[in-house]
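Note sheet for the following structure.
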Amino acid sequence: MAALAHPKRAEAEALRKIIRGLKAPRFEEGIKWNAPSYSLGGVHYLTFNFGDRKSVRLIFHCDTARKENKGGPPLIADETGLLVFQSDIRALAAFGGMEEVTVAEKTLPELVTRWIEAAQA
């Protein structure tokens with residue numbers, strides 16, 4: 001993150017602070033796809049994506065722990081509307097500004113916790 005040259009770096013740092021502040025699960029922070037990624041027991045579940053210069057994206061996934069089904073039902077229900085599902089086990093949340101990060105600060109921790117619980121079931 002120290003070398004990150006992205007227009008939404010402040011948003012990325014704020015999201016990282018939220019994720020690192022989770023009491024449970026206690027993620028291990030590492031690098032995957034050239035970005036911060038969060039794992040439990042070596043399985044990655046949440047990874048930043050900086051490919052879009054207009055937003056910071058968080059990719060919710062199940063590493064290789066589960067087989068992906070593009071037509072299957074989503075891993076979890078998302079009442080927040082934050083997630084856009086790419087498949088049953090892959091979704092993304094995009095944050096275009098600090099206001100969106102501030103709003104997500106209240107819902108993101110529970111969403112991440114529910115994702116992990118469902119992915120490990």
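Each chain in the structure tokens gets a letter, A, B and so on, in the order shown; residues start at 1 in every chain, and ligands are counted from 1 in the order they appear.
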Query raised in the report: as a PyMOL selection string, which residues of stretch 17-54 of chain A does DSSP assign to strand (DSSP E)?
Result: chain A and resi 28-32+35-40+43-49
Next, write the just-selected residues to a file, as a compact mmCIF listing (two decimals), in the first residue's frame, keeping all heavy atoms as the atom set.
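part_26.txt, freshly written:
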# COMPACT_ATOMS: atom_id res chain seq x y z
N GLU A 28 -5.55 -12.90 8.04
CA GLU A 28 -4.14 -12.73 7.76
C GLU A 28 -4.09 -11.83 6.53
O GLU A 28 -4.78 -12.09 5.55
CB GLU A 28 -3.49 -14.08 7.46
CG GLU A 28 -3.58 -15.07 8.60
CD GLU A 28 -3.38 -16.50 8.14
OE1 GLU A 28 -2.81 -16.74 7.05
OE2 GLU A 28 -3.82 -17.39 8.88
N GLU A 29 -3.31 -10.76 6.58
CA GLU A 29 -3.21 -9.86 5.44
C GLU A 29 -1.99 -10.24 4.62
O GLU A 29 -0.90 -10.45 5.15
CB GLU A 29 -3.09 -8.41 5.91
CG GLU A 29 -3.10 -7.42 4.78
CD GLU A 29 -3.03 -5.98 5.26
OE1 GLU A 29 -2.09 -5.66 6.03
OE2 GLU A 29 -3.89 -5.19 4.87
N GLY A 30 -2.18 -10.34 3.31
CA GLY A 30 -1.10 -10.67 2.41
C GLY A 30 -1.32 -9.99 1.07
O GLY A 30 -2.13 -9.06 0.97
N ILE A 31 -0.64 -10.47 0.05
CA ILE A 31 -0.77 -9.91 -1.30
C ILE A 31 -1.26 -11.01 -2.23
O ILE A 31 -0.73 -12.12 -2.24
CB ILE A 31 0.57 -9.35 -1.81
CG1 ILE A 31 1.07 -8.23 -0.89
CG2 ILE A 31 0.44 -8.87 -3.25
CD1 ILE A 31 0.21 -6.98 -0.89
N LYS A 32 -2.28 -10.70 -3.00
CA LYS A 32 -2.81 -11.59 -4.05
C LYS A 32 -3.23 -10.68 -5.19
O LYS A 32 -3.83 -9.63 -4.95
CB LYS A 32 -4.00 -12.39 -3.51
CG LYS A 32 -4.58 -13.38 -4.49
CD LYS A 32 -5.74 -14.13 -3.84
CE LYS A 32 -6.37 -15.10 -4.78
NZ LYS A 32 -5.80 -16.44 -4.68
N ALA A 35 -2.34 -6.92 -4.82
CA ALA A 35 -3.14 -6.05 -3.95
C ALA A 35 -3.31 -6.72 -2.59
O ALA A 35 -3.15 -7.94 -2.47
CB ALA A 35 -4.50 -5.79 -4.58
N PRO A 36 -3.66 -5.94 -1.56
CA PRO A 36 -3.92 -6.55 -0.26
C PRO A 36 -5.04 -7.59 -0.36
O PRO A 36 -6.06 -7.37 -1.04
CB PRO A 36 -4.35 -5.37 0.61
CG PRO A 36 -3.73 -4.19 -0.04
CD PRO A 36 -3.77 -4.48 -1.50
N SER A 37 -4.82 -8.71 0.30
CA SER A 37 -5.79 -9.79 0.29
C SER A 37 -5.87 -10.37 1.70
O SER A 37 -4.89 -10.33 2.45
CB SER A 37 -5.36 -10.87 -0.71
OG SER A 37 -6.35 -11.86 -0.84
N TYR A 38 -7.02 -10.90 2.03
CA TYR A 38 -7.28 -11.35 3.40
C TYR A 38 -7.68 -12.81 3.38
O TYR A 38 -8.58 -13.21 2.64
CB TYR A 38 -8.34 -10.46 4.04
CG TYR A 38 -7.86 -9.03 4.04
CD1 TYR A 38 -8.13 -8.19 2.97
CD2 TYR A 38 -7.04 -8.56 5.05
CE1 TYR A 38 -7.63 -6.89 2.92
CE2 TYR A 38 -6.53 -7.27 5.02
CZ TYR A 38 -6.83 -6.45 3.94
OH TYR A 38 -6.31 -5.18 3.90
N SER A 39 -6.99 -13.59 4.21
CA SER A 39 -7.20 -15.03 4.22
C SER A 39 -7.36 -15.54 5.65
O SER A 39 -6.99 -14.87 6.62
CB SER A 39 -6.03 -15.73 3.55
OG SER A 39 -4.84 -15.52 4.28
N LEU A 40 -7.88 -16.74 5.72
CA LEU A 40 -7.98 -17.51 6.95
C LEU A 40 -7.45 -18.90 6.65
O LEU A 40 -7.93 -19.54 5.71
CB LEU A 40 -9.43 -17.60 7.44
CG LEU A 40 -10.09 -16.31 7.86
CD1 LEU A 40 -11.59 -16.51 8.06
CD2 LEU A 40 -9.46 -15.77 9.13
N VAL A 43 -6.66 -19.67 2.98
CA VAL A 43 -7.71 -19.52 1.97
C VAL A 43 -8.11 -18.05 1.91
O VAL A 43 -8.53 -17.47 2.91
CB VAL A 43 -8.94 -20.40 2.28
CG1 VAL A 43 -10.04 -20.18 1.25
CG2 VAL A 43 -8.55 -21.86 2.35
N HIS A 44 -7.95 -17.45 0.73
CA HIS A 44 -8.28 -16.03 0.55
C HIS A 44 -9.77 -15.85 0.29
O HIS A 44 -10.37 -16.58 -0.49
CB HIS A 44 -7.48 -15.45 -0.63
CG HIS A 44 -6.02 -15.35 -0.34
ND1 HIS A 44 -5.42 -14.19 0.03
CD2 HIS A 44 -5.06 -16.30 -0.34
CE1 HIS A 44 -4.14 -14.40 0.23
NE2 HIS A 44 -3.89 -15.68 0.02
N TYR A 45 -10.33 -14.82 0.96
CA TYR A 45 -11.76 -14.55 0.85
C TYR A 45 -12.08 -13.12 0.41
O TYR A 45 -13.18 -12.86 -0.06
CB TYR A 45 -12.46 -14.80 2.19
CG TYR A 45 -12.44 -16.23 2.62
CD1 TYR A 45 -11.57 -16.68 3.60
CD2 TYR A 45 -13.30 -17.16 2.03
CE1 TYR A 45 -11.55 -18.00 4.00
CE2 TYR A 45 -13.28 -18.48 2.42
CZ TYR A 45 -12.41 -18.90 3.41
OH TYR A 45 -12.39 -20.22 3.78
N LEU A 46 -11.16 -12.22 0.57
CA LEU A 46 -11.43 -10.81 0.28
C LEU A 46 -10.14 -10.19 -0.26
O LEU A 46 -9.10 -10.26 0.38
CB LEU A 46 -11.85 -10.10 1.57
CG LEU A 46 -12.39 -8.69 1.48
CD1 LEU A 46 -13.70 -8.65 0.70
CD2 LEU A 46 -12.63 -8.13 2.88
N THR A 47 -10.23 -9.59 -1.46
CA THR A 47 -9.04 -9.04 -2.10
C THR A 47 -9.37 -7.69 -2.74
O THR A 47 -10.41 -7.54 -3.38
CB THR A 47 -8.51 -10.00 -3.19
OG1 THR A 47 -8.26 -11.29 -2.60
CG2 THR A 47 -7.24 -9.49 -3.81
N PHE A 48 -8.50 -6.72 -2.54
CA PHE A 48 -8.64 -5.43 -3.20
C PHE A 48 -8.37 -5.58 -4.68
O PHE A 48 -7.57 -6.43 -5.11
CB PHE A 48 -7.65 -4.42 -2.63
CG PHE A 48 -8.10 -3.75 -1.37
CD1 PHE A 48 -7.80 -4.31 -0.13
CD2 PHE A 48 -8.80 -2.55 -1.41
CE1 PHE A 48 -8.21 -3.69 1.03
CE2 PHE A 48 -9.21 -1.93 -0.24
CZ PHE A 48 -8.91 -2.50 0.98
N ASN A 49 -8.99 -4.70 -5.48
CA ASN A 49 -8.71 -4.63 -6.91
C ASN A 49 -8.63 -3.15 -7.27
O ASN A 49 -9.55 -2.39 -6.99
CB ASN A 49 -9.82 -5.31 -7.71
CG ASN A 49 -9.60 -5.19 -9.19
OD1 ASN A 49 -9.86 -4.14 -9.78
ND2 ASN A 49 -9.13 -6.26 -9.82
Query raised in the report: So which one's closest to A:Val84, A:Lys67, A:Phe60, A:Glu99, A:Lys8? Using only C-alpha atoms, please.
Result: A:Phe60
Query raised in the report: Hey, what's within 12 Å of A:Asp78 if we count only C-alpha atoms and toss same-chain stuff fewer than 6 positions away? As a PyMOL selection string, please?
Result: chain A and resi 84-85+91-93+107-108+110-112+114-115
Requested in this report: For atom CA of A:Ile18 and atom CA of A:Gly51, quote the distance in Å rounded to one decimal.
Outcome: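 Going from atom CA of A:Ile18 over to atom CA of A:Gly51 covers 20.9 Å.
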Requested in this report: Return the single residue from A:Glu105, A:Leu58, A:Arg53, A:Ile76 that is closest to A:Arg9, with distances computed using only C-alpha atoms.
Outcome: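 Ranked by minimum distance to A:Arg9, first place goes to A:Arg53.
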Query raised in the report: Looking at A:Ile19, A:Val56, A:His6, A:His61, which one is nearest to A:Ile116, with distances taken over only C-alpha atoms?
Result: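 Result for the nearest residue to A:Ile116: A:His61.
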Report task. Can you list, as a ChimeraX atom specification, all residues belonging to stretch 1-85 of chain A that DSSP tags as alpha helix (DSSP H)? Result -> /A:9-20
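Closest approach to A:Leu15 from the set A:Ser55, A:Ser87, A:Thr64, A:Asn69 is made by A:Ser55, with distances taken over only C-alpha atoms.
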Requested in this report: Select, from A:Ala77, A:Leu82, A:Leu22, A:Ala5, the residue with the minimum atom-to-atom distance to A:Val103, counting only C-alpha atoms.
Outcome: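 Closest candidate: A:Leu82.
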Requested in this report: Calculate how many Å separate atom CA of A:Ala2 from atom CA of A:Asn34, rounding to one decimal.
Outcome: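 Value for the atom CA of A:Ala2-atom CA of A:Asn34 distance: 12.7 Å.
Within 7 Å of A:Leu75, once only C-alpha atoms are used and residues closer than 4 positions along the same chain are dropped, the contacting residues are Asp88, Ile89 and Ala118 of chain A.
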Dump as a compact mmCIF listing (two decimals), in the first residue's frame, selection limited to N, CA, C and O atoms:
# COMPACT_ATOMS: atom_id res chain seq x y z
N ASP A 88 -21.84 -17.50 -8.21
CA ASP A 88 -22.36 -17.85 -6.89
C ASP A 88 -21.36 -17.57 -5.77
O ASP A 88 -21.76 -17.28 -4.64
N ILE A 89 -20.06 -17.62 -6.08
CA ILE A 89 -19.04 -17.45 -5.04
C ILE A 89 -18.08 -16.29 -5.31
O ILE A 89 -16.99 -16.24 -4.74
N ALA A 118 -20.53 -18.42 5.40
CA ALA A 118 -21.14 -19.19 4.32
C ALA A 118 -20.09 -19.91 3.50
O ALA A 118 -20.29 -21.07 3.09
**Report entry** One-decimal distance in Å that lies between atom CA of A:Arg26 and atom CA of A:Lys106
**Finding:**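 Computed distance, atom CA of A:Lys106 to atom CA of A:Arg26, equals 18.0 Å.
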Query - Nearest to A:Ala94 by atom-to-atom distance, counting only C-alpha atoms, from A:Thr113, A:Thr80, A:Gly72, A:Arg57 - result: A:Arg57
